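Pasted below: final37.csv, CSV, N, CA and C atoms.
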chain,number,residue,atom,x,y,z
A,1,MET,N,-6.6,78.1,-45.4
A,1,MET,CA,-6.5,77.3,-44.2
A,1,MET,C,-7.9,77.1,-43.6
A,2,LYS,N,-8.8,78.1,-43.7
A,2,LYS,CA,-10.1,78.0,-43.1
A,2,LYS,C,-11.0,77.0,-43.9
A,3,LYS,N,-10.8,77.0,-45.2
A,3,LYS,CA,-11.6,76.1,-46.1
A,3,LYS,C,-11.2,74.6,-45.7
A,4,ARG,N,-9.9,74.4,-45.4
A,4,ARG,CA,-9.5,73.0,-45.1
A,4,ARG,C,-10.1,72.6,-43.7
A,5,ASN,N,-10.2,73.5,-42.8
A,5,ASN,CA,-10.8,73.2,-41.5
A,5,ASN,C,-12.3,73.0,-41.6
A,6,LYS,N,-13.0,73.7,-42.4
A,6,LYS,CA,-14.4,73.5,-42.7
A,6,LYS,C,-14.7,72.2,-43.3
A,7,LEU,N,-13.9,71.9,-44.3
A,7,LEU,CA,-14.0,70.6,-45.0
A,7,LEU,C,-13.8,69.4,-44.0
A,8,PHE,N,-12.8,69.5,-43.2
A,8,PHE,CA,-12.5,68.5,-42.2
A,8,PHE,C,-13.6,68.4,-41.3
A,9,ALA,N,-14.2,69.5,-40.8
A,9,ALA,CA,-15.4,69.4,-39.9
A,9,ALA,C,-16.6,68.8,-40.6
A,10,VAL,N,-16.9,69.1,-41.8
A,10,VAL,CA,-18.0,68.5,-42.5
A,10,VAL,C,-17.8,67.0,-42.7
A,11,LEU,N,-16.6,66.6,-43.1
A,11,LEU,CA,-16.3,65.2,-43.3
A,11,LEU,C,-16.3,64.4,-42.0
A,12,SER,N,-15.9,65.1,-40.9
A,12,SER,CA,-16.0,64.4,-39.6
A,12,SER,C,-17.4,64.2,-39.2
A,13,VAL,N,-18.3,65.2,-39.4
A,13,VAL,CA,-19.7,65.0,-39.1
A,13,VAL,C,-20.3,63.9,-39.9
A,14,ILE,N,-20.0,63.8,-41.2
A,14,ILE,CA,-20.6,62.8,-42.1
A,14,ILE,C,-20.1,61.4,-41.6
A,15,ILE,N,-18.8,61.3,-41.3
A,15,ILE,CA,-18.3,60.0,-40.8
A,15,ILE,C,-19.0,59.6,-39.5
A,16,PHE,N,-19.2,60.6,-38.6
A,16,PHE,CA,-19.8,60.3,-37.3
A,16,PHE,C,-21.3,59.8,-37.5
A,17,LEU,N,-22.0,60.5,-38.4
A,17,LEU,CA,-23.4,60.1,-38.7
A,17,LEU,C,-23.5,58.7,-39.3
A,18,LEU,N,-22.6,58.4,-40.2
A,18,LEU,CA,-22.6,57.1,-40.8
A,18,LEU,C,-22.3,56.0,-39.7
A,19,ALA,N,-21.4,56.3,-38.8
A,19,ALA,CA,-21.1,55.4,-37.7
A,19,ALA,C,-22.3,55.2,-36.8
A,20,VAL,N,-23.0,56.3,-36.6
A,20,VAL,CA,-24.2,56.2,-35.7
A,20,VAL,C,-25.2,55.3,-36.4
A,21,PHE,N,-25.5,55.5,-37.7
A,21,PHE,CA,-26.4,54.7,-38.4
A,21,PHE,C,-26.1,53.2,-38.4
A,22,ILE,N,-24.8,52.9,-38.5
A,22,ILE,CA,-24.4,51.5,-38.7
A,22,ILE,C,-24.2,50.9,-37.3
A,23,TRP,N,-23.6,51.5,-36.4
A,23,TRP,CA,-23.2,50.9,-35.1
A,23,TRP,C,-24.3,51.1,-34.0
A,24,MET,N,-25.0,52.1,-34.0
A,24,MET,CA,-26.0,52.4,-32.9
A,24,MET,C,-27.0,51.3,-32.8
A,25,PRO,N,-27.6,50.8,-33.9
A,25,PRO,CA,-28.6,49.7,-33.7
A,25,PRO,C,-28.0,48.5,-33.1
A,26,ARG,N,-26.7,48.2,-33.2
A,26,ARG,CA,-26.1,47.1,-32.6
A,26,ARG,C,-26.1,47.1,-31.1
A,27,LEU,N,-26.1,48.4,-30.6
A,27,LEU,CA,-26.2,48.5,-29.1
A,27,LEU,C,-27.6,48.1,-28.6
A,28,PHE,N,-28.6,48.0,-29.5
A,28,PHE,CA,-29.9,47.6,-29.1
A,28,PHE,C,-30.2,46.2,-29.6
A,29,GLY,N,-29.1,45.4,-29.9
A,29,GLY,CA,-29.3,44.0,-30.3
A,29,GLY,C,-29.7,43.8,-31.8
A,30,MET,N,-29.6,44.9,-32.6
A,30,MET,CA,-30.0,44.7,-34.0
A,30,MET,C,-28.7,44.5,-34.9
A,31,ASN,N,-29.0,43.9,-36.0
A,31,ASN,CA,-28.0,43.6,-37.0
A,31,ASN,C,-28.3,44.4,-38.3
A,32,THR,N,-27.3,44.7,-39.1
A,32,THR,CA,-27.6,45.4,-40.4
A,32,THR,C,-27.2,44.5,-41.5
A,33,TYR,N,-28.0,44.6,-42.6
A,33,TYR,CA,-27.7,43.8,-43.8
A,33,TYR,C,-27.9,44.7,-45.1
A,34,TYR,N,-27.0,44.5,-46.0
A,34,TYR,CA,-27.1,45.2,-47.3
A,34,TYR,C,-28.0,44.3,-48.2
A,35,VAL,N,-29.0,45.0,-48.8
A,35,VAL,CA,-30.0,44.3,-49.7
A,35,VAL,C,-29.4,44.3,-51.1
A,36,SER,N,-29.0,43.1,-51.5
A,36,SER,CA,-28.3,43.0,-52.8
A,36,SER,C,-29.2,42.6,-54.0
A,37,SER,N,-30.4,42.3,-53.7
A,37,SER,CA,-31.3,41.9,-54.8
A,37,SER,C,-32.6,42.6,-54.8
A,38,ASP,N,-33.4,42.5,-55.8
A,38,ASP,CA,-34.7,43.2,-55.9
A,38,ASP,C,-35.8,42.2,-55.5
A,39,SER,N,-35.5,41.1,-54.9
A,39,SER,CA,-36.6,40.1,-54.6
A,39,SER,C,-37.7,40.7,-53.6
A,40,MET,N,-37.4,41.7,-52.8
A,40,MET,CA,-38.3,42.2,-51.9
A,40,MET,C,-38.9,43.6,-52.3
A,41,GLU,N,-38.7,43.9,-53.6
A,41,GLU,CA,-39.3,45.2,-54.1
A,41,GLU,C,-40.8,45.0,-54.2
A,42,PRO,N,-41.6,46.0,-53.9
A,42,PRO,CA,-41.3,47.4,-53.6
A,42,PRO,C,-41.1,47.6,-52.1
A,43,ALA,N,-41.3,46.6,-51.2
A,43,ALA,CA,-41.3,46.8,-49.8
A,43,ALA,C,-39.9,47.2,-49.3
A,44,ILE,N,-38.8,46.5,-49.8
A,44,ILE,CA,-37.5,46.8,-49.5
A,44,ILE,C,-36.7,46.8,-50.8
A,45,SER,N,-36.1,48.0,-51.1
A,45,SER,CA,-35.4,48.2,-52.3
A,45,SER,C,-34.0,47.7,-52.4
A,46,LYS,N,-33.6,47.2,-53.5
A,46,LYS,CA,-32.2,46.8,-53.7
A,46,LYS,C,-31.3,48.0,-53.4
A,47,GLY,N,-30.2,47.8,-52.7
A,47,GLY,CA,-29.3,48.8,-52.3
A,47,GLY,C,-29.7,49.4,-50.9
A,48,SER,N,-30.7,48.9,-50.3
A,48,SER,CA,-31.1,49.4,-49.0
A,48,SER,C,-30.2,48.8,-47.9
A,49,LEU,N,-30.3,49.4,-46.7
A,49,LEU,CA,-29.6,48.9,-45.5
A,49,LEU,C,-30.8,48.5,-44.6
A,50,ALA,N,-30.9,47.2,-44.3
A,50,ALA,CA,-32.0,46.7,-43.5
A,50,ALA,C,-31.5,46.4,-42.1
A,51,PHE,N,-32.3,46.6,-41.1
A,51,PHE,CA,-32.0,46.4,-39.7
A,51,PHE,C,-32.9,45.3,-39.2
A,52,SER,N,-32.3,44.3,-38.5
A,52,SER,CA,-33.2,43.3,-38.0
A,52,SER,C,-32.9,43.1,-36.5
A,53,GLY,N,-34.0,42.6,-35.8
A,53,GLY,CA,-33.9,42.3,-34.4
A,53,GLY,C,-34.4,40.9,-34.2
A,54,GLN,N,-34.1,40.4,-33.0
A,54,GLN,CA,-34.4,39.0,-32.6
A,54,GLN,C,-35.9,38.8,-32.6
A,55,VAL,N,-36.3,37.6,-32.9
A,55,VAL,CA,-37.8,37.3,-33.0
A,55,VAL,C,-37.9,35.8,-32.5
A,56,GLU,N,-39.0,35.6,-31.8
A,56,GLU,CA,-39.4,34.2,-31.4
A,56,GLU,C,-40.4,33.7,-32.4
A,57,ILE,N,-40.4,32.4,-32.6
A,57,ILE,CA,-41.3,31.8,-33.6
A,57,ILE,C,-42.7,32.1,-33.3
A,58,GLN,N,-43.1,32.1,-32.1
A,58,GLN,CA,-44.6,32.4,-31.8
A,58,GLN,C,-45.0,33.8,-32.1
A,59,ASP,N,-44.0,34.7,-32.2
A,59,ASP,CA,-44.3,36.1,-32.5
A,59,ASP,C,-44.3,36.5,-34.0
A,60,ILE,N,-43.9,35.5,-34.9
A,60,ILE,CA,-43.9,35.8,-36.3
A,60,ILE,C,-45.3,35.9,-36.9
A,61,ARG,N,-45.5,36.9,-37.7
A,61,ARG,CA,-46.8,37.1,-38.3
A,61,ARG,C,-46.8,36.7,-39.8
A,62,VAL,N,-47.5,35.7,-40.2
A,62,VAL,CA,-47.6,35.3,-41.6
A,62,VAL,C,-48.1,36.4,-42.4
A,63,GLY,N,-47.5,36.6,-43.6
A,63,GLY,CA,-47.9,37.6,-44.5
A,63,GLY,C,-47.4,39.0,-44.2
A,64,GLU,N,-46.9,39.2,-43.0
A,64,GLU,CA,-46.5,40.6,-42.6
A,64,GLU,C,-45.0,40.7,-42.4
A,65,ASP,N,-44.4,39.7,-41.6
A,65,ASP,CA,-43.0,39.8,-41.2
A,65,ASP,C,-42.0,39.3,-42.3
A,66,VAL,N,-40.9,40.1,-42.4
A,66,VAL,CA,-39.8,39.7,-43.3
A,66,VAL,C,-38.7,39.3,-42.4
A,67,LEU,N,-38.2,38.0,-42.6
A,67,LEU,CA,-37.2,37.5,-41.8
A,67,LEU,C,-35.9,37.4,-42.6
A,68,VAL,N,-34.8,37.4,-41.8
A,68,VAL,CA,-33.4,37.2,-42.4
A,68,VAL,C,-33.0,35.8,-42.0
A,69,PHE,N,-32.5,35.1,-43.0
A,69,PHE,CA,-32.1,33.7,-42.9
A,69,PHE,C,-30.8,33.4,-43.5
A,70,THR,N,-30.2,32.3,-43.1
A,70,THR,CA,-29.1,31.7,-43.8
A,70,THR,C,-29.8,30.6,-44.7
A,71,SER,N,-29.6,30.7,-46.0
A,71,SER,CA,-30.2,29.8,-46.9
A,71,SER,C,-29.9,28.4,-46.7
A,72,PRO,N,-30.9,27.5,-46.7
A,72,PRO,CA,-30.6,26.1,-46.5
A,72,PRO,C,-30.0,25.5,-47.8
A,73,VAL,N,-30.1,26.2,-48.9
A,73,VAL,CA,-29.6,25.7,-50.2
A,73,VAL,C,-28.1,26.1,-50.4
A,74,ASN,N,-27.8,27.4,-50.2
A,74,ASN,CA,-26.4,27.8,-50.6
A,74,ASN,C,-25.6,28.5,-49.4
A,75,GLY,N,-26.3,28.6,-48.2
A,75,GLY,CA,-25.6,29.2,-47.1
A,75,GLY,C,-25.5,30.7,-47.1
A,76,LYS,N,-26.1,31.3,-48.1
A,76,LYS,CA,-26.0,32.8,-48.1
A,76,LYS,C,-27.1,33.4,-47.3
A,77,THR,N,-27.0,34.7,-46.9
A,77,THR,CA,-28.0,35.4,-46.2
A,77,THR,C,-29.0,35.9,-47.1
A,78,PHE,N,-30.3,35.8,-46.8
A,78,PHE,CA,-31.4,36.4,-47.6
A,78,PHE,C,-32.5,36.8,-46.7
A,79,MET,N,-33.4,37.7,-47.2
A,79,MET,CA,-34.6,38.1,-46.4
A,79,MET,C,-35.8,38.0,-47.3
A,80,HIS,N,-36.8,37.3,-46.8
A,80,HIS,CA,-38.1,37.1,-47.5
A,80,HIS,C,-39.2,37.2,-46.6
A,81,ARG,N,-40.4,37.4,-47.1
A,81,ARG,CA,-41.6,37.4,-46.3
A,81,ARG,C,-42.1,36.0,-45.9
A,82,VAL,N,-42.6,35.9,-44.7
A,82,VAL,CA,-43.1,34.6,-44.2
A,82,VAL,C,-44.5,34.4,-44.9
A,83,ILE,N,-44.7,33.2,-45.5
A,83,ILE,CA,-46.0,32.9,-46.1
A,83,ILE,C,-46.7,31.7,-45.3
A,84,TYR,N,-45.9,30.9,-44.6
A,84,TYR,CA,-46.5,29.8,-43.8
A,84,TYR,C,-45.5,29.4,-42.8
A,85,ILE,N,-46.0,28.9,-41.6
A,85,ILE,CA,-45.1,28.4,-40.5
A,85,ILE,C,-45.6,27.0,-40.1
A,86,ASN,N,-44.7,26.1,-40.1
A,86,ASN,CA,-45.0,24.7,-39.5
A,86,ASN,C,-44.3,24.7,-38.2
A,87,GLU,N,-45.1,25.1,-37.1
A,87,GLU,CA,-44.5,25.2,-35.8
A,87,GLU,C,-44.0,23.9,-35.2
A,88,THR,N,-44.7,22.8,-35.6
A,88,THR,CA,-44.3,21.5,-35.1
A,88,THR,C,-42.9,21.1,-35.5
A,89,GLU,N,-42.6,21.3,-36.8
A,89,GLU,CA,-41.3,21.0,-37.3
A,89,GLU,C,-40.3,22.2,-37.3
A,90,GLN,N,-40.8,23.4,-36.9
A,90,GLN,CA,-40.1,24.6,-36.8
A,90,GLN,C,-39.5,25.0,-38.2
A,91,LEU,N,-40.4,24.9,-39.2
A,91,LEU,CA,-40.0,25.3,-40.6
A,91,LEU,C,-40.8,26.5,-41.0
A,92,ILE,N,-40.1,27.4,-41.7
A,92,ILE,CA,-40.7,28.6,-42.1
A,92,ILE,C,-40.6,28.7,-43.6
A,93,TYR,N,-41.8,28.9,-44.3
A,93,TYR,CA,-41.9,29.0,-45.7
A,93,TYR,C,-41.9,30.5,-46.1
A,94,THR,N,-41.1,30.8,-47.1
A,94,THR,CA,-41.0,32.2,-47.4
A,94,THR,C,-41.1,32.5,-48.9
A,95,LYS,N,-41.2,33.7,-49.2
A,95,LYS,CA,-41.3,34.2,-50.6
A,95,LYS,C,-40.9,35.6,-50.7
A,96,GLY,N,-40.1,35.9,-51.7
A,96,GLY,CA,-39.8,37.3,-52.0
A,96,GLY,C,-41.0,38.0,-52.6
A,97,ASP,N,-41.3,39.2,-52.2
A,97,ASP,CA,-42.5,39.9,-52.7
A,97,ASP,C,-42.4,40.1,-54.2
A,98,ASN,N,-41.3,40.2,-54.8
A,98,ASN,CA,-41.1,40.4,-56.2
A,98,ASN,C,-40.9,39.1,-57.0
A,99,ASN,N,-41.0,38.0,-56.3
A,99,ASN,CA,-40.8,36.7,-56.9
A,99,ASN,C,-42.2,36.1,-57.3
A,100,ASN,N,-42.2,35.3,-58.3
A,100,ASN,CA,-43.5,34.7,-58.8
A,100,ASN,C,-43.9,33.5,-57.9
A,101,VAL,N,-42.9,32.8,-57.4
A,101,VAL,CA,-43.1,31.6,-56.6
A,101,VAL,C,-42.4,31.6,-55.3
A,102,ALA,N,-42.9,30.8,-54.4
A,102,ALA,CA,-42.3,30.7,-53.1
A,102,ALA,C,-40.9,30.1,-53.2
A,103,ASP,N,-40.1,30.3,-52.1
A,103,ASP,CA,-38.8,29.7,-52.1
A,103,ASP,C,-39.0,28.2,-52.1
A,104,PRO,N,-38.1,27.5,-52.8
A,104,PRO,CA,-38.3,26.0,-53.0
A,104,PRO,C,-38.1,25.2,-51.8
A,105,VAL,N,-37.3,25.7,-50.8
A,105,VAL,CA,-37.0,24.9,-49.6
A,105,VAL,C,-37.4,25.8,-48.4
A,106,PRO,N,-38.1,25.2,-47.4
A,106,PRO,CA,-38.4,26.0,-46.2
A,106,PRO,C,-37.1,26.1,-45.4
A,107,ALA,N,-37.1,27.2,-44.6
A,107,ALA,CA,-35.9,27.4,-43.7
A,107,ALA,C,-36.3,26.9,-42.3
A,108,GLU,N,-35.3,26.4,-41.7
A,108,GLU,CA,-35.5,26.0,-40.3
A,108,GLU,C,-35.5,27.3,-39.4
A,109,PHE,N,-36.3,27.3,-38.4
A,109,PHE,CA,-36.3,28.5,-37.5
A,109,PHE,C,-34.9,28.8,-36.9
A,110,ALA,N,-34.1,27.7,-36.7
A,110,ALA,CA,-32.8,27.9,-36.1
A,110,ALA,C,-31.9,28.7,-37.1
A,111,ALA,N,-32.2,28.7,-38.4
A,111,ALA,CA,-31.4,29.5,-39.3
A,111,ALA,C,-31.8,31.0,-39.4
A,112,CYS,N,-32.9,31.3,-38.7
A,112,CYS,CA,-33.4,32.7,-38.7
A,112,CYS,C,-32.4,33.6,-37.9
A,113,LYS,N,-32.0,34.7,-38.6
A,113,LYS,CA,-31.1,35.7,-37.9
A,113,LYS,C,-31.9,36.8,-37.3
A,114,GLY,N,-33.2,36.9,-37.6
A,114,GLY,CA,-34.0,38.0,-37.1
A,114,GLY,C,-35.1,38.5,-38.0
A,115,LYS,N,-35.8,39.4,-37.5
A,115,LYS,CA,-37.0,40.0,-38.2
A,115,LYS,C,-36.5,41.4,-38.7
A,116,VAL,N,-36.8,41.8,-39.9
A,116,VAL,CA,-36.5,43.1,-40.4
A,116,VAL,C,-37.4,44.1,-39.7
A,117,VAL,N,-36.8,45.0,-39.0
A,117,VAL,CA,-37.6,46.0,-38.3
A,117,VAL,C,-37.8,47.3,-39.1
A,118,PHE,N,-36.7,47.7,-39.8
A,118,PHE,CA,-36.9,48.8,-40.7
A,118,PHE,C,-35.7,48.8,-41.7
A,119,ASP,N,-35.8,49.6,-42.7
A,119,ASP,CA,-34.7,49.7,-43.7
A,119,ASP,C,-34.6,51.2,-44.1
A,120,ILE,N,-33.4,51.5,-44.6
A,120,ILE,CA,-33.1,52.8,-45.1
A,120,ILE,C,-32.8,52.6,-46.6
A,121,PRO,N,-33.7,53.1,-47.5
A,121,PRO,CA,-33.4,52.8,-48.9
A,121,PRO,C,-32.2,53.5,-49.5
A,122,PHE,N,-31.5,52.8,-50.3
A,122,PHE,CA,-30.3,53.3,-51.1
A,122,PHE,C,-29.1,53.7,-50.3
A,123,VAL,N,-29.1,53.3,-49.0
A,123,VAL,CA,-27.9,53.7,-48.2
A,123,VAL,C,-26.9,52.6,-48.2
A,124,GLY,N,-27.2,51.4,-48.4
A,124,GLY,CA,-26.3,50.2,-48.3
A,124,GLY,C,-25.3,50.2,-49.3
Would you mind writing the structure in this file as structure tokens?
Amino acid sequence: MKKRNKLFAVLSVIIFLLAVFIWMPRLFGMNTYYVSSDSMEPAISKGSLAFSGQVEIQDIRVGEDVLVFTSPVNGKTFMHRVIYINETEQLIYTKGDNNNVADPVPAEFAACKGKVVFDIPFVG
């Protein structure tokens, strides 16, 4: 009986910690995303859980920030590094760190879901 109680306690703690990792950032206005490709290797590993926060276009840093977008091509969510911003047309040009070429179509800033603030490798 004692082993069952200990197992229950350990599982309860694990479930609680997972809930904290997943839901706590949302209290601070952040969203979580599972990284399903290796396009951002080595900066963000495939299988990571990425956390993003809101960002204004004037605060985006070219070459540094990784943004989360809805793809203008297929409607899927992706995250790539900003390589150029056309502020007049509010277009953001991106490229995956592990990709040889830039993304073929720029994303509109309106499609930006946020800036990746941090990630936890291999948790997603």
Selected residue of minimal separation from A:Lys113 among A:Ile14, A:Ile83, A:Ile57, A:Val68, counting only N, CA and C atoms:
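Comparing A:Ile14, A:Ile83, A:Ile57, A:Val68 against A:Lys113, the winner is A:Val68.
In terms of minimum interatomic distance to A:Ser39, A:Lys95 ranks closest within A:Lys115, A:Lys3, A:Lys76, A:Lys95, counting only N, CA and C atoms.
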What does the distance from atom N of A:Arg61 to atom N of A:Trp23 come to in Å, to one decimal?
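Interatomic distance, atom N of A:Arg61 to atom N of A:Trp23: 26.4 Å.
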I'd like the contact shell of A:Gly75 - 10 Å cut-off, only C-alpha atoms, skipping same-chain residues fewer than 5 positions apart - returned as a short mmCIF file (atom, residue, chain, number, x, y, z; two decimals) with N, CA and C atoms, in the frame of the given file.
data_model
loop_
_atom_site.label_atom_id
_atom_site.label_comp_id
_atom_site.auth_asym_id
_atom_site.auth_seq_id
_atom_site.Cartn_x
_atom_site.Cartn_y
_atom_site.Cartn_z
N PHE A 69 -32.50 35.10 -43.00
CA PHE A 69 -32.10 33.70 -42.90
C PHE A 69 -30.80 33.40 -43.50
N THR A 70 -30.20 32.30 -43.10
CA THR A 70 -29.10 31.70 -43.80
C THR A 70 -29.80 30.60 -44.70
N ALA A 111 -32.20 28.70 -38.40
CA ALA A 111 -31.40 29.50 -39.30
C ALA A 111 -31.80 31.00 -39.40
#
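When only N, CA and C atoms are used to measure the gap to A:Leu91, the shortest distance among A:Ser37, A:Leu67, A:Phe109, A:Thr77 belongs to A:Phe109.
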One decimal, Å: what's the distance from atom CA of A:Thr88 over to atom CA of A:Ala50, could you say?
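Interatomic distance here is 29.3 Å.
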Where atoms are absent from stretch 34-55 of chain A, fill them in so it carries N, CA, C and O atoms, then output it as a PDB file, in the coordinates of the input.
ATOM      1  N   TYR A  34     -27.000  44.500 -46.000  1.00  0.00           N
ATOM      2  CA  TYR A  34     -27.100  45.200 -47.300  1.00  0.00           C
ATOM      3  C   TYR A  34     -28.000  44.300 -48.200  1.00  0.00           C
ATOM      4  O   TYR A  34     -27.900  43.121 -48.268  1.00  0.00           O
ATOM      5  N   VAL A  35     -29.000  45.000 -48.800  1.00  0.00           N
ATOM      6  CA  VAL A  35     -30.000  44.300 -49.700  1.00  0.00           C
ATOM      7  C   VAL A  35     -29.400  44.300 -51.100  1.00  0.00           C
ATOM      8  O   VAL A  35     -29.303  45.348 -51.730  1.00  0.00           O
ATOM      9  N   SER A  36     -29.000  43.100 -51.500  1.00  0.00           N
ATOM     10  CA  SER A  36     -28.300  43.000 -52.800  1.00  0.00           C
ATOM     11  C   SER A  36     -29.200  42.600 -54.000  1.00  0.00           C
ATOM     12  O   SER A  36     -28.656  42.417 -55.090  1.00  0.00           O
ATOM     13  N   SER A  37     -30.400  42.300 -53.700  1.00  0.00           N
ATOM     14  CA  SER A  37     -31.300  41.900 -54.800  1.00  0.00           C
ATOM     15  C   SER A  37     -32.600  42.600 -54.800  1.00  0.00           C
ATOM     16  O   SER A  37     -32.915  43.302 -53.794  1.00  0.00           O
ATOM     17  N   ASP A  38     -33.400  42.500 -55.800  1.00  0.00           N
ATOM     18  CA  ASP A  38     -34.700  43.200 -55.900  1.00  0.00           C
ATOM     19  C   ASP A  38     -35.800  42.200 -55.500  1.00  0.00           C
ATOM     20  O   ASP A  38     -36.984  42.542 -55.803  1.00  0.00           O
ATOM     21  N   SER A  39     -35.500  41.100 -54.900  1.00  0.00           N
ATOM     22  CA  SER A  39     -36.600  40.100 -54.600  1.00  0.00           C
ATOM     23  C   SER A  39     -37.700  40.700 -53.600  1.00  0.00           C
ATOM     24  O   SER A  39     -38.763  40.119 -53.577  1.00  0.00           O
ATOM     25  N   MET A  40     -37.400  41.700 -52.800  1.00  0.00           N
ATOM     26  CA  MET A  40     -38.300  42.200 -51.900  1.00  0.00           C
ATOM     27  C   MET A  40     -38.900  43.600 -52.300  1.00  0.00           C
ATOM     28  O   MET A  40     -39.653  44.205 -51.579  1.00  0.00           O
ATOM     29  N   GLU A  41     -38.700  43.900 -53.600  1.00  0.00           N
ATOM     30  CA  GLU A  41     -39.300  45.200 -54.100  1.00  0.00           C
ATOM     31  C   GLU A  41     -40.800  45.000 -54.200  1.00  0.00           C
ATOM     32  O   GLU A  41     -41.296  43.901 -54.390  1.00  0.00           O
ATOM     33  N   PRO A  42     -41.600  46.000 -53.900  1.00  0.00           N
ATOM     34  CA  PRO A  42     -41.300  47.400 -53.600  1.00  0.00           C
ATOM     35  C   PRO A  42     -41.100  47.600 -52.100  1.00  0.00           C
ATOM     36  O   PRO A  42     -40.738  48.707 -51.687  1.00  0.00           O
ATOM     37  N   ALA A  43     -41.300  46.600 -51.200  1.00  0.00           N
ATOM     38  CA  ALA A  43     -41.300  46.800 -49.800  1.00  0.00           C
ATOM     39  C   ALA A  43     -39.900  47.200 -49.300  1.00  0.00           C
ATOM     40  O   ALA A  43     -39.691  48.104 -48.527  1.00  0.00           O
ATOM     41  N   ILE A  44     -38.800  46.500 -49.800  1.00  0.00           N
ATOM     42  CA  ILE A  44     -37.500  46.800 -49.500  1.00  0.00           C
ATOM     43  C   ILE A  44     -36.700  46.800 -50.800  1.00  0.00           C
ATOM     44  O   ILE A  44     -36.589  45.860 -51.528  1.00  0.00           O
ATOM     45  N   SER A  45     -36.100  48.000 -51.100  1.00  0.00           N
ATOM     46  CA  SER A  45     -35.400  48.200 -52.300  1.00  0.00           C
ATOM     47  C   SER A  45     -34.000  47.700 -52.400  1.00  0.00           C
ATOM     48  O   SER A  45     -33.335  47.648 -51.335  1.00  0.00           O
ATOM     49  N   LYS A  46     -33.600  47.200 -53.500  1.00  0.00           N
ATOM     50  CA  LYS A  46     -32.200  46.800 -53.700  1.00  0.00           C
ATOM     51  C   LYS A  46     -31.300  48.000 -53.400  1.00  0.00           C
ATOM     52  O   LYS A  46     -31.606  49.153 -53.760  1.00  0.00           O
ATOM     53  N   GLY A  47     -30.200  47.800 -52.700  1.00  0.00           N
ATOM     54  CA  GLY A  47     -29.300  48.800 -52.300  1.00  0.00           C
ATOM     55  C   GLY A  47     -29.700  49.400 -50.900  1.00  0.00           C
ATOM     56  O   GLY A  47     -28.968  50.318 -50.426  1.00  0.00           O
ATOM     57  N   SER A  48     -30.700  48.900 -50.300  1.00  0.00           N
ATOM     58  CA  SER A  48     -31.100  49.400 -49.000  1.00  0.00           C
ATOM     59  C   SER A  48     -30.200  48.800 -47.900  1.00  0.00           C
ATOM     60  O   SER A  48     -29.575  47.809 -48.070  1.00  0.00           O
ATOM     61  N   LEU A  49     -30.300  49.400 -46.700  1.00  0.00           N
ATOM     62  CA  LEU A  49     -29.600  48.900 -45.500  1.00  0.00           C
ATOM     63  C   LEU A  49     -30.800  48.500 -44.600  1.00  0.00           C
ATOM     64  O   LEU A  49     -31.589  49.326 -44.194  1.00  0.00           O
ATOM     65  N   ALA A  50     -30.900  47.200 -44.300  1.00  0.00           N
ATOM     66  CA  ALA A  50     -32.000  46.700 -43.500  1.00  0.00           C
ATOM     67  C   ALA A  50     -31.500  46.400 -42.100  1.00  0.00           C
ATOM     68  O   ALA A  50     -30.346  45.895 -41.929  1.00  0.00           O
ATOM     69  N   PHE A  51     -32.300  46.600 -41.100  1.00  0.00           N
ATOM     70  CA  PHE A  51     -32.000  46.400 -39.700  1.00  0.00           C
ATOM     71  C   PHE A  51     -32.900  45.300 -39.200  1.00  0.00           C
ATOM     72  O   PHE A  51     -34.144  45.405 -39.393  1.00  0.00           O
ATOM     73  N   SER A  52     -32.300  44.300 -38.500  1.00  0.00           N
ATOM     74  CA  SER A  52     -33.200  43.300 -38.000  1.00  0.00           C
ATOM     75  C   SER A  52     -32.900  43.100 -36.500  1.00  0.00           C
ATOM     76  O   SER A  52     -31.868  43.397 -35.983  1.00  0.00           O
ATOM     77  N   GLY A  53     -34.000  42.600 -35.800  1.00  0.00           N
ATOM     78  CA  GLY A  53     -33.900  42.300 -34.400  1.00  0.00           C
ATOM     79  C   GLY A  53     -34.400  40.900 -34.200  1.00  0.00           C
ATOM     80  O   GLY A  53     -34.939  40.257 -35.049  1.00  0.00           O
ATOM     81  N   GLN A  54     -34.100  40.400 -33.000  1.00  0.00           N
ATOM     82  CA  GLN A  54     -34.400  39.000 -32.600  1.00  0.00           C
ATOM     83  C   GLN A  54     -35.900  38.800 -32.600  1.00  0.00           C
ATOM     84  O   GLN A  54     -36.696  39.766 -32.378  1.00  0.00           O
ATOM     85  N   VAL A  55     -36.300  37.600 -32.900  1.00  0.00           N
ATOM     86  CA  VAL A  55     -37.800  37.300 -33.000  1.00  0.00           C
ATOM     87  C   VAL A  55     -37.900  35.800 -32.500  1.00  0.00           C
ATOM     88  O   VAL A  55     -37.094  34.980 -32.741  1.00  0.00           O
TER      89      VAL A  55
END
